[in-house]
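Chemist: First the structure, which I've put down as structure tokens, then a few questions once you've had a look.
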Amino acid sequence: MTNVLELRGITKRFPGVLANDKIDITLREGKILALLGENGAGKSTLMNILYGLYKPDEGKIIVRGKEVEIQGPNDAIAQGIGMVHQHFMLVPVMTVTENVMLGIEPVKNGVILDKEKVAKRIREISDEYGLEVDPTAYIKDLPVGIQQRVEIIKVLYRQADILILDEPTAVLTPQEVEGLFKIIDTLIKAGKSIIFITHKLKEVLAVADDITVLRLGTVVGSIDPKEATSEILATMMVGRDVNLVVQKQPAKPGEPVLVVEDLFVRDERQHLTVQGVSFDVRKGEVLGVAGVQGNGQTELVYALTGLLPLEAGTIRLLGEPIHHTTPRNILERGVAHIPEDRQRHGLILSFPIHDNMMLCTYYKPPFARGISLQEKAIFSNAEALVKQYDVRTPSIYVNAGNLSGGNQQKVIVAREFSRPIELLIASQPTRGLDVGSIEYIHKQIIKKRDEGSGVLLVSSELDEILALSDRIAVMYKGQIMDIVDADKTSKEHLGLLMAGVHPSEASIKN
Amino acid sequence: MTNDNIQINSAAEKRKRISYGIALLLVGFVIYLLFGLNTQAGSLTTFGLNLTSSQAIKVPDLIVPALPAIYMMAAISVFAGAYQLARGVRSTGWLISILAFTFVVAFLMWAAQDKSFNLTGMLSSSLVRATPIALAALCGVISERSAVINIGIEGIMLMSAQAAVISATLTHNLYVGLIVAIIVGGLVAAFHAYLVIRFKVDQIVSGVAINIVGTGTTSFISSRFMQSAGDTLNNSGTFPIISIPILSKIPVLGPVFFENNLIVYLTIILIVVVHILLFYTPWGLRTRAVGEHPKAADTLGVNVYFMRYVNVILGGMIAGVGGAYFTIGSVGRFDEIMTAGKGFIGLAAMIFGKWNPIGAYTSSLIFGFADSLQVKLQILRVPIPSEFLLMAPYIVTMIILTGVVGRAIPPAADGQPYEK
């Protein structure tokens, strides 16, 4: 078996950071190499070096036994290396064909773009690998899963045989992930070699032929997936033992904190995305809301936190209606919100940490006296919270935008938990975070539950829902399919509900 | 859910339908009240269809009884409004056209009652006056499609205008003037590009600086050197009218479209060529990709910075042609601040034309029409103060920029510097 790609002693320094330190990796022909590591471990830097977007300070790249120099994406493409980026590199207002041909446009009559030729080739590729992509469709009209296929077509159109997939499952629904794994399978059968970058342990075990783990810019080790388990991999990634199973006592639910009845909400485009939702959250329990993303969870949370008006229905917090009041009033009554999009709704990225730490209460003592802010109180509050919640930052004066995703989330958690709360609404609280941060956030959520707060957890990660929830509500097309006890259900049962099928109906049909 | 969406969409449609209907009805009544009641019964309005200087076959002038014509316009507007309320028309473009057409025609009937009004002359001058606006708009389109905002077009045009007239006067060659104007436009734009691409200077700040520098230096040179030496520096003559054989003989259309000078023809050619380049060639695909999602283009090996330099400089060269129009294309001499905001109006035309060359040209024609109408009305001694008439093109600009007539979406990365 030959090695199609070897990286030897790759070192890359950024000002103040050693992003890659003498990294060696090997990709065997026709195999899948999983590159595993937490956010900030240096995976993306390494791949950007391989793709020519960064220049390494030291080290060499060997493609099919020959040392090559890669100065830019064009060189990488010429070597048969193609990359599917985590954030898709597609122009939304252009068609699939235009996106695929960009950079290597064939022309007819000397100057005019030959779109038909490219469209024909896309159909061929699409048929060959079972991708089912319409070349004339506009990117903005395509679901995320199909957009990813367009990215793969872009790479195949350039006749790459080494594919780098950067966190390919981060934005996909469980069904789309299944689809992607099938495509990967077809690609391997066609003789392609793949580098699969991820921080999700189960995916690695499902698809990889080889596993290399990175931590803090160095290779921790390589391991055969047959010998690996989630626990071993997590320990290699984080550098210490990690509890993948959330330790928690049985819930002691009290009286209801939040009662929602017959809620209807329209989204910003005036679509009725929440249609008649009723549930309650009791003190000291976690109610998980499962469902494929885009089934009304976002609007549900917005309505509960006062960010979207209701079309109909009632929301009661501790018996008092809160559906016609302001977001500030809602949070003053003790609702904490960890928003879905932490960078847009959770933080002001261009503000320093100390200001982000008091965004909910800046107008009240001790942070404000009259019209003036009290710097001393603000700084000491931030210092204390940074210590208490283990936010890794050089100082509290650093802008929130400069922190890693995990630390940004810790800032939000610290702020929301630093005031007395009755109800915690956590929306996708661990999306895009590394194993260490996920463990930490999960512990904090369970801690709040045990202190007697009600917790509404919205997540599209079924594992997370199952690990934390006491009861689970499944949303599908704006409605709650069913609410089940977490210890009396299974992944399969929830999976059916998420797809809009009542398991009882399914068994009748069978 | 789908049914529900259809209902909501139809509610929005219904609101739109009713508001357009009411607008048309109102215009009908305004026409009646303003123009109908103020027009003498039996007065005639004469629309001249021939230009004295033209080679076109002469046709008889159009003589219209003013009052019946005004009533007819009011009736068309009211009828269209009523039809819209009752049935609804899909195309808002048609509604706006009817609205504008009936109002403008009725206005002209009233303004020119018992007088003669040269229609062909006005249309011809609309096309001419649209030329610098269209060139400025085209400069904006090329530049902003690659995501670089250039509000320095006004300054670029002023400098090119001056450079053109000085070089043409000195060499006694108008073509040298045109080429110098293009070079000056390209150089100033290259400076803008260098600042905003290489040093990531704020694009608006750089553009404003170019406008200030443009106004300052040209006014200085003009008052210090050109006024005292008018004949040796500031008297170039203008490009002659080129009549296209046969086509220029067509009545009305001939003098409007086929008896113009080089720069007017060049503008139309440039519009078509840039349109084809932008939407049907690799260069255009790359330009649009760089303007929408530069990172995507970069990962496919497209040099984002290079594309932006090329586009901004090409845009500057086109604005240079626009500058040349003011001097060697129309009056043959330079006056201080003679561009009079045409660069900015060009940007409005670019937005109204949805960053599309042909759209930009069409909207430039609207501005050109407003401009030439204003001049004609002053000659007709319409009982409206001339200051208000002078405002016409700028008022049209403001109405268009409020987005009343359809919202335009700029390129997604417009105005943002690209960081690797």
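Ordered as shown in the structure tokens, chains take letters A, B, and onward, while each chain numbers its residues from 1 and ligands are numbered from 1 in the order shown.
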So that I can check the surroundings of Gly368 (chain B), please list as a list in words every protein, DNA and RNA residue that reaches within 8 Å of it, counting only C-alpha atoms and ignoring chain neighbours fewer than 5 positions away.
Modeler: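 Counting only C-alpha atoms, the residues come to Ser125, Ser126, Leu127, Val128, Arg129, Ala130, Thr131, Ile133 and Pro393 of chain B.
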Chemist: I need the chosen residues saved as an mmCIF file, in the first residue's frame, with C-alpha atoms.
Modeler:
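Once everything was written out, this is result_35.cif:
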data_model
loop_
_atom_site.group_PDB
_atom_site.id
_atom_site.type_symbol
_atom_site.label_atom_id
_atom_site.label_comp_id
_atom_site.auth_asym_id
_atom_site.auth_seq_id
_atom_site.Cartn_x
_atom_site.Cartn_y
_atom_site.Cartn_z
ATOM 1 C CA SER B 125 -30.860 66.177 -25.213
ATOM 2 C CA SER B 126 -32.057 63.575 -22.691
ATOM 3 C CA LEU B 127 -29.778 61.026 -24.304
ATOM 4 C CA VAL B 128 -26.881 63.459 -24.327
ATOM 5 C CA ARG B 129 -27.405 64.522 -20.727
ATOM 6 C CA ALA B 130 -27.701 60.885 -19.646
ATOM 7 C CA THR B 131 -24.239 60.157 -21.060
ATOM 8 C CA ILE B 133 -24.453 59.880 -15.661
ATOM 9 C CA PRO B 393 -32.903 65.564 -11.311
#
Chemist: Should the cut-off be 7 Å, what would the residue list for chain B against chain A look like, counting only C-alpha atoms, as a PDB file with C-alpha atoms, in the first residue's frame?
Modeler:
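Result written to iface.pdb:
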ATOM      1  CA  MET B   1     -48.027  25.544   6.593  1.00  0.00           C
ATOM      2  CA  ASN B   5     -47.814  31.083   3.593  1.00  0.00           C
ATOM      3  CA  TYR B 280     -20.967  35.928 -20.024  1.00  0.00           C
ATOM      4  CA  THR B 281     -17.199  35.761 -19.622  1.00  0.00           C
ATOM      5  CA  PRO B 282     -14.719  34.283 -17.133  1.00  0.00           C
ATOM      6  CA  LEU B 285     -17.787  35.449 -13.320  1.00  0.00           C
ATOM      7  CA  ARG B 286     -14.636  36.064 -11.296  1.00  0.00           C
ATOM      8  CA  ALA B 289     -17.581  36.003  -7.256  1.00  0.00           C
ATOM      9  CA  GLU B 292     -20.119  38.278  -3.441  1.00  0.00           C
ATOM     10  CA  HIS B 293     -17.836  35.867  -1.607  1.00  0.00           C
ATOM     11  CA  LYS B 295     -12.983  33.851   0.181  1.00  0.00           C
ATOM     12  CA  ALA B 296     -14.701  31.350  -2.103  1.00  0.00           C
ATOM     13  CA  THR B 299      -9.871  29.126  -2.428  1.00  0.00           C
ATOM     14  CA  LEU B 300     -10.377  28.389  -6.121  1.00  0.00           C
ATOM     15  CA  GLY B 301      -7.193  30.203  -7.037  1.00  0.00           C
ATOM     16  CA  VAL B 302      -8.768  33.479  -8.156  1.00  0.00           C
TER      17      VAL B 302
END
Chemist: Mind listing the alpha helix (DSSP H) residues of region 206-329 of chain B, per DSSP on the backbone, as a PyMOL selection string?
Modeler: chain B and resi 206-221+230-233+253-257+262-280+282-292+294-299+304-326
Chemist: When you draw a straight line from CA of Ala161 (chain B) to CA of Gly341 (chain B), how long is it in Å?
Modeler: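 Calculated distance between CA of Ala161 (chain B) and CA of Gly341 (chain B) is 13.8 Å.
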Chemist: Excluding Asp185 (chain A) and any residue of its chain fewer than 4 positions from it, enumerate the residues within 12 Å of it, using only C-alpha atoms, and give them as a compact mmCIF listing (two decimals) with C-alpha atoms, in the first residue's frame.
Modeler:
# COMPACT_ATOMS: atom_id res chain seq x y z
CA GLY A 30 -7.73 4.75 -0.88
CA LYS A 31 -8.09 5.18 2.87
CA ILE A 32 -9.73 7.60 5.26
CA TYR A 129 -21.15 9.26 -7.20
CA GLY A 130 -24.89 9.37 -6.53
CA GLU A 178 -25.88 9.34 6.90
CA GLY A 179 -26.03 10.56 3.32
CA LEU A 180 -22.54 12.02 3.56
CA PHE A 181 -21.11 8.74 4.86
CA LYS A 189 -14.50 2.79 -3.81
CA ALA A 190 -13.59 5.07 -6.73
CA GLY A 191 -10.03 5.18 -5.41
CA LYS A 192 -9.99 8.57 -3.71
CA SER A 193 -8.13 9.17 -0.46
CA ILE A 194 -9.72 11.29 2.23
CA ALA A 206 -17.61 4.97 12.25
CA VAL A 207 -15.63 5.91 9.15
CA ALA A 208 -11.87 6.11 9.72
CA ASP A 209 -9.17 3.67 8.57
Chemist: Taking into account only C-alpha atoms, which residue in the set A:Ala336, A:Asn39, A:Val246, A:Ala290 is nearest to Met481 (chain A)?
Modeler: A:Ala290
Chemist: Run DSSP on the backbone of this structure and report the residues of region 95-296 of chain A it assigns to strand (DSSP E or B), as a ChimeraX atom specification.
Modeler: /A:95,107-108,112-113,138,162-166,193-198,210-215,218-223,256-266,272-282,286-290
Chemist: I want to know what sits within 12 Å of Met73 (chain B), based on only C-alpha atoms, with residues of the same chain fewer than 4 positions away left out; could you give that as a ChimeraX atom specification?
Modeler: /B:24-25,27-32,35-36,66-69,77-80,98-110
Chemist: Pick out the residues sitting within 10 Å of Gly217 (chain A), and hand them over as a VMD selection string; count only C-alpha atoms, and ignore anything fewer than 4 positions along from it in its own chain.
Modeler: chain A and resid 11 to 13 17 to 23 37 40 to 43 45 to 46
Chemist: Taking 2 positions as the minimum chain separation for residues in the same chain, which residues sit within 9 Å of region 351-359 of chain B when counting only C-alpha atoms? Answer as number ranges by chain.
Modeler: B: 134, 137-138, 140-142, 144-145, 271-272, 274-275, 278, 346-349, 361-364, 400-401, 403, 405-411
